[in-house]
>>> print(open('data21.pdb').read())   # PDB, C-alpha atoms
ATOM      1  CA  MET A   1      53.962 -15.517 -15.613
ATOM      2  CA  THR A   2      54.781 -11.999 -14.577
ATOM      3  CA  GLU A   3      56.295 -11.116 -11.239
ATOM      4  CA  GLY A   4      52.968  -9.638 -10.029
ATOM      5  CA  THR A   5      51.119 -12.824 -10.969
ATOM      6  CA  THR A   6      53.715 -14.973  -9.229
ATOM      7  CA  SER A   7      53.534 -12.932  -6.036
ATOM      8  CA  ALA A   8      49.706 -12.925  -6.103
ATOM      9  CA  ALA A   9      49.708 -16.720  -6.533
ATOM     10  CA  ALA A  10      52.233 -17.091  -3.704
ATOM     11  CA  GLU A  11      50.163 -14.788  -1.509
ATOM     12  CA  GLY A  12      47.041 -16.869  -2.241
ATOM     13  CA  GLY A  13      48.948 -20.040  -1.362
ATOM     14  CA  ASP A  14      50.279 -18.434   1.811
ATOM     15  CA  THR A  15      46.738 -17.425   2.783
ATOM     16  CA  LEU A  16      45.432 -20.944   2.194
ATOM     17  CA  THR A  17      48.296 -22.426   4.237
ATOM     18  CA  ARG A  18      47.623 -19.936   7.059
ATOM     19  CA  LEU A  19      43.882 -20.737   7.074
ATOM     20  CA  GLU A  20      44.588 -24.480   7.059
ATOM     21  CA  GLN A  21      46.932 -23.945  10.023
ATOM     22  CA  GLU A  22      44.154 -22.030  11.835
ATOM     23  CA  GLY A  23      41.808 -24.945  11.174
ATOM     24  CA  GLU A  24      44.307 -27.451  12.572
ATOM     25  CA  ILE A  25      44.910 -25.388  15.719
ATOM     26  CA  ALA A  26      41.148 -24.989  16.179
ATOM     27  CA  ALA A  27      40.584 -28.723  15.643
ATOM     28  CA  ASP A  28      43.175 -29.601  18.295
ATOM     29  CA  TYR A  29      41.606 -27.147  20.733
ATOM     30  CA  LEU A  30      38.081 -28.448  20.065
ATOM     31  CA  GLU A  31      39.164 -32.104  20.337
ATOM     32  CA  GLY A  32      40.539 -31.307  23.784
ATOM     33  CA  LEU A  33      37.269 -29.622  24.685
ATOM     34  CA  LEU A  34      35.251 -32.634  23.501
ATOM     35  CA  ASP A  35      37.480 -34.920  25.594
ATOM     36  CA  ILE A  36      37.007 -32.780  28.703
ATOM     37  CA  ALA A  37      33.223 -32.674  28.173
ATOM     38  CA  ASP A  38      33.207 -36.429  27.400
ATOM     39  CA  LEU A  39      31.339 -35.832  24.134
ATOM     40  CA  ASP A  40      31.748 -37.749  20.893
ATOM     41  CA  GLY A  41      32.217 -35.784  17.724
ATOM     42  CA  ASP A  42      34.271 -35.601  14.577
ATOM     43  CA  ILE A  43      36.040 -32.435  13.454
ATOM     44  CA  ASP A  44      35.736 -31.350   9.832
ATOM     45  CA  MET A  45      37.974 -28.556   8.518
ATOM     46  CA  ASP A  46      37.609 -26.482   5.375
ATOM     47  CA  VAL A  47      38.364 -23.027   3.996
ATOM     48  CA  GLU A  48      35.313 -21.013   2.932
ATOM     49  CA  ALA A  49      35.196 -17.395   1.753
ATOM     50  CA  ASP A  50      38.723 -16.576   2.950
ATOM     51  CA  ARG A  51      38.228 -17.965   6.437
ATOM     52  CA  ALA A  52      38.852 -21.243   8.175
ATOM     53  CA  ALA A  53      35.651 -23.209   8.747
ATOM     54  CA  VAL A  54      35.576 -25.909  11.403
ATOM     55  CA  SER A  55      32.586 -28.139  12.117
ATOM     56  CA  ILE A  56      31.896 -30.593  14.891
ATOM     57  CA  ILE A  57      29.652 -33.374  13.652
ATOM     58  CA  SER A  58      28.320 -36.487  15.320
ATOM     59  CA  ASP A  59      25.969 -39.381  14.682
ATOM     60  CA  SER A  60      24.211 -38.179  17.817
ATOM     61  CA  ALA A  61      23.621 -34.493  17.009
ATOM     62  CA  ARG A  62      21.340 -34.337  20.031
ATOM     63  CA  GLU A  63      24.344 -34.837  22.314
ATOM     64  CA  LEU A  64      26.117 -31.881  20.668
ATOM     65  CA  GLN A  65      23.141 -29.577  21.311
ATOM     66  CA  LYS A  66      24.744 -28.787  24.671
ATOM     67  CA  LEU A  67      27.544 -27.116  22.716
ATOM     68  CA  VAL A  68      25.093 -25.118  20.599
ATOM     69  CA  GLY A  69      22.928 -23.828  23.436
ATOM     70  CA  ARG A  70      19.785 -21.738  23.175
ATOM     71  CA  ASP A  71      19.774 -19.823  19.871
ATOM     72  CA  GLY A  72      23.459 -20.691  19.367
ATOM     73  CA  GLU A  73      24.680 -18.738  22.405
ATOM     74  CA  VAL A  74      27.095 -21.460  23.544
ATOM     75  CA  LEU A  75      28.265 -21.938  19.943
ATOM     76  CA  GLU A  76      29.093 -18.204  19.694
ATOM     77  CA  ALA A  77      31.068 -18.372  22.948
ATOM     78  CA  LEU A  78      32.952 -21.490  21.813
ATOM     79  CA  GLN A  79      33.754 -19.816  18.512
ATOM     80  CA  GLU A  80      35.288 -16.862  20.353
ATOM     81  CA  LEU A  81      37.275 -19.165  22.651
ATOM     82  CA  THR A  82      38.494 -21.120  19.627
ATOM     83  CA  ARG A  83      39.505 -17.885  17.887
ATOM     84  CA  LEU A  84      41.441 -16.911  21.024
ATOM     85  CA  ALA A  85      43.198 -20.292  21.040
ATOM     86  CA  VAL A  86      44.211 -19.726  17.397
ATOM     87  CA  HIS A  87      45.366 -16.183  18.210
ATOM     88  CA  ARG A  88      47.448 -17.472  21.109
ATOM     89  CA  GLU A  89      49.250 -19.906  18.779
ATOM     90  CA  THR A  90      49.641 -17.695  15.693
ATOM     91  CA  GLY A  91      49.649 -14.160  17.046
ATOM     92  CA  ASP A  92      47.134 -13.252  14.319
ATOM     93  CA  ARG A  93      43.471 -12.404  14.697
ATOM     94  CA  SER A  94      41.296 -15.217  13.368
ATOM     95  CA  ARG A  95      37.969 -14.959  11.523
ATOM     96  CA  LEU A  96      37.405 -18.694  11.953
ATOM     97  CA  MET A  97      33.802 -19.869  11.659
ATOM     98  CA  LEU A  98      32.643 -22.719  13.899
ATOM     99  CA  ASP A  99      29.587 -24.859  13.260
ATOM    100  CA  ILE A 100      28.275 -27.547  15.572
ATOM    101  CA  ALA A 101      25.784 -30.236  14.527
ATOM    102  CA  GLY A 102      24.877 -28.240  11.409
ATOM    103  CA  PHE A 103      23.353 -25.392  13.442
ATOM    104  CA  ARG A 104      24.968 -22.584  11.420
ATOM    105  CA  ALA A 105      24.271 -24.260   8.078
ATOM    106  CA  LYS A 106      20.566 -24.552   8.966
ATOM    107  CA  LYS A 107      20.523 -20.988  10.319
ATOM    108  CA  ARG A 108      22.203 -19.696   7.138
ATOM    109  CA  ALA A 109      19.438 -21.268   4.995
ATOM    110  CA  GLU A 110      16.702 -19.778   7.210
ATOM    111  CA  LEU A 111      18.307 -16.318   7.106
ATOM    112  CA  ALA A 112      18.769 -16.417   3.331
ATOM    113  CA  GLU A 113      15.057 -17.178   3.045
ATOM    114  CA  LEU A 114      14.237 -14.307   5.441
ATOM    115  CA  GLY A 115      16.383 -11.934   3.357
ATOM    116  CA  ALA A 116      14.734 -13.030   0.109
ATOM    117  CA  LYS A 117      11.265 -12.614   1.649
ATOM    118  CA  ALA A 118      12.119  -9.112   2.940
ATOM    119  CA  ALA A 119      13.516  -8.189  -0.484
ATOM    120  CA  GLY A 120      10.278  -9.338  -2.103
ATOM    121  CA  GLU A 121       8.272  -7.253   0.364
ATOM    122  CA  VAL A 122      10.367  -4.144  -0.380
ATOM    123  CA  LYS A 123      10.088  -4.698  -4.140
ATOM    124  CA  SER A 124       6.290  -4.937  -3.961
ATOM    125  CA  SER A 125       5.709  -2.080  -1.461
ATOM    126  CA  GLY A 126       8.585   0.247  -2.403
ATOM    127  CA  GLN A 127       9.044   0.917   1.331
ATOM    128  CA  PRO A 128      12.083   0.075   3.514
ATOM    129  CA  VAL A 129      11.720  -2.932   5.820
ATOM    130  CA  LYS A 130      13.429  -3.158   9.226
ATOM    131  CA  LEU A 131      14.253  -6.639  10.473
ATOM    132  CA  ASP A 132      14.697  -7.807  14.056
ATOM    133  CA  PRO A 133      18.103  -7.426  15.769
ATOM    134  CA  MET A 134      20.682 -10.017  14.704
ATOM    135  CA  THR A 135      24.230 -11.123  15.376
ATOM    136  CA  PRO A 136      26.971 -10.041  12.936
ATOM    137  CA  PHE A 137      26.913 -13.510  11.320
ATOM    138  CA  GLU A 138      23.150 -13.345  10.828
ATOM    139  CA  ARG A 139      23.276  -9.821   9.391
ATOM    140  CA  LYS A 140      25.995 -10.824   6.909
ATOM    141  CA  VAL A 141      23.889 -13.700   5.579
ATOM    142  CA  VAL A 142      20.847 -11.419   5.226
ATOM    143  CA  HIS A 143      22.888  -8.662   3.522
ATOM    144  CA  ASP A 144      24.154 -11.253   1.017
ATOM    145  CA  ALA A 145      20.603 -12.491   0.302
ATOM    146  CA  ILE A 146      19.363  -8.911  -0.211
ATOM    147  CA  ALA A 147      22.248  -8.158  -2.594
ATOM    148  CA  ALA A 148      21.488 -11.371  -4.523
ATOM    149  CA  ALA A 149      17.900 -10.105  -4.914
ATOM    150  CA  GLY A 150      19.255  -6.876  -6.437
ATOM    151  CA  LEU A 151      18.505  -4.547  -3.514
ATOM    152  CA  ARG A 152      20.550  -2.618  -0.957
ATOM    153  CA  SER A 153      20.591  -3.062   2.797
ATOM    154  CA  GLU A 154      22.225  -1.354   5.761
ATOM    155  CA  SER A 155      22.825  -2.229   9.388
ATOM    156  CA  GLU A 156      21.548   0.242  11.959
ATOM    157  CA  GLY A 157      21.521   0.476  15.736
ATOM    158  CA  GLU A 158      24.032  -0.481  18.402
ATOM    159  CA  GLU A 159      25.039  -3.990  19.477
ATOM    160  CA  PRO A 160      23.298  -6.114  20.641
ATOM    161  CA  GLN A 161      20.253  -4.414  19.080
ATOM    162  CA  ARG A 162      21.833  -3.914  15.632
ATOM    163  CA  PHE A 163      19.439  -4.773  12.786
ATOM    164  CA  VAL A 164      19.181  -4.850   8.988
ATOM    165  CA  VAL A 165      17.139  -2.340   6.993
ATOM    166  CA  VAL A 166      16.235  -3.429   3.461
ATOM    167  CA  LEU A 167      16.062  -0.460   1.101
ATOM    168  CA  PRO A 168      14.204  -0.050  -2.213
ATOM    169  CA  ALA A 169      16.332  -0.059  -5.374
TER
END
>>> encode(input="data21.pdb", output="structure tokens")
Amino acid sequence: MTEGTTSAAAEGGDTLTRLEQEGEIAADYLEGLLDIADLDGDIDMDVEADRAAVSIISDSARELQKLVGRDGEVLEALQELTRLAVHRETGDRSRLMLDIAGFRAKKRAELAELGAKAAGEVKSSGQPVKLDPMTPFERKVVHDAIAAAGLRSESEGEEPQRFVVVLPA
């Protein structure tokens, strides 16, 4: 192995270790939150796409709906609080992704389908399509689906009214 390869491998290992540490800090924080709220749930940690991914799962997903809220609003707030808890411990900004009761996983599948449908519409009409305003997470999933369909997309507007425009090839 060359020196560059060794340092790249070490850097990759360091990144994985850092993301695993973020996941552990987040899990501790969320376990404390579950205890305070007197909710049952298991914490699952992983590393996906260069970010820590933490999920709260339960046999009674209905009970966890309180932590998801309407359209994931409470989930978004808890994710930001969890990121702050990680930042407080590590001093580094976290891109941690939190999912509760499979809400984000289900949302990701719905958004990928929306992106594919919009791409199909643009391919058949040759005209750009503007989608409804979305959160950064939602826009990212749609952008990825559009790219997978072989088209381009852009985000336009100002938060919280920022939206995706699907463009012809």
>>> atom_distance(input="data21.pdb", atom1="atom CA of Glu138 of chain A", atom2="atom CA of Leu111 of chain A")
6.8 Å
>>> resolve_selection(input="data21.pdb", expression="the PyMOL selection byres ((chain A and resi 154) around 8)", output="list in words")
His143, Arg152, Ser153, Ser155, Glu156, Val164, Val165, Val166 and Leu167 of chain A
>>> resolve_selection(input="data21.pdb", expression="the PyMOL selection byres ((chain A and resi 20) around 12)", output="ChimeraX atom specification")
/A:13-19,21-27,44-48,50-54,86,94,96
>>> closest_residue(input="data21.pdb", among="A:Pro168, A:Lys107, A:Arg88, A:Tyr29", to="Pro128 of chain A", atoms="only C-alpha atoms")
A:Pro168
>>> residues_around(input="data21.pdb", residues="segment 30-33 of chain A", least_positions_apart="4", cutoff="8 Å", atoms="all atoms listed in the file", output="short mmCIF file (atom, residue, chain, number, x, y, z; two decimals) with C-alpha atoms, keeping the file's coordinate frame")
data_model
loop_
_atom_site.label_atom_id
_atom_site.label_comp_id
_atom_site.auth_asym_id
_atom_site.auth_seq_id
_atom_site.Cartn_x
_atom_site.Cartn_y
_atom_site.Cartn_z
CA ALA A 26 41.15 -24.99 16.18
CA ALA A 37 33.22 -32.67 28.17
CA ILE A 43 36.04 -32.44 13.45
CA THR A 82 38.49 -21.12 19.63
#
>>> closest_atom_pairs(input="data21.pdb", of="segment 86-129 of chain A", to="segment 56-67 of chain A", cutoff="12 Å", atoms="all atoms listed in the file", output="CSV")
residue,atom,partner,partner_atom,distance
A:Met97,CA,A:Ile56,CA,11.4
A:Leu98,CA,A:Ile56,CA,8.0
A:Asp99,CA,A:Ile56,CA,6.4
A:Ile100,CA,A:Ile56,CA,4.8
A:Ala101,CA,A:Ile57,CA,5.1
A:Gly102,CA,A:Ile57,CA,7.4
A:Phe103,CA,A:Gln65,CA,8.9
A:Arg104,CA,A:Ile56,CA,11.1
A:Ala105,CA,A:Ile57,CA,12.0
>>> atom_distance(input="data21.pdb", atom1="atom CA of Asp35 of chain A", atom2="atom CA of Leu78 of chain A")
14.7 Å
>>> closest_residue(input="data21.pdb", among="A:Arg95, A:Arg70, A:Arg162, A:Lys123", to="Arg139 of chain A", atoms="all atoms listed in the file")
A:Arg162
>>> axis_aligned_box(input="data21.pdb", around="segment 22-33 of chain A", padding_each_side="8 Å", output="AutoDock Vina command-line options")
--center_x 41.1 --center_y -27.1 --center_z 17.9 --size_x 23.6 --size_y 26.1 --size_z 29.5
>>> atom_distance(input="data21.pdb", atom1="atom CA of Arg93 of chain A", atom2="atom CA of Gly41 of chain A")
26.1 Å
>>> closest_residue(input="data21.pdb", among="A:Asp28, A:Val122, A:Lys106, A:Ser55", to="Gly150 of chain A", atoms="all atoms listed in the file")
A:Val122
>>> resolve_selection(input="data21.pdb", expression="the PyMOL selection byres ((chain A and resi 131) around 7)", output="PyMOL selection string")
chain A and resi 129-130+132-133+163-165
>>> closest_residue(input="data21.pdb", among="A:Leu151, A:Pro136, A:His87, A:Val74", to="Ala169 of chain A", atoms="all atoms listed in the file")
A:Leu151
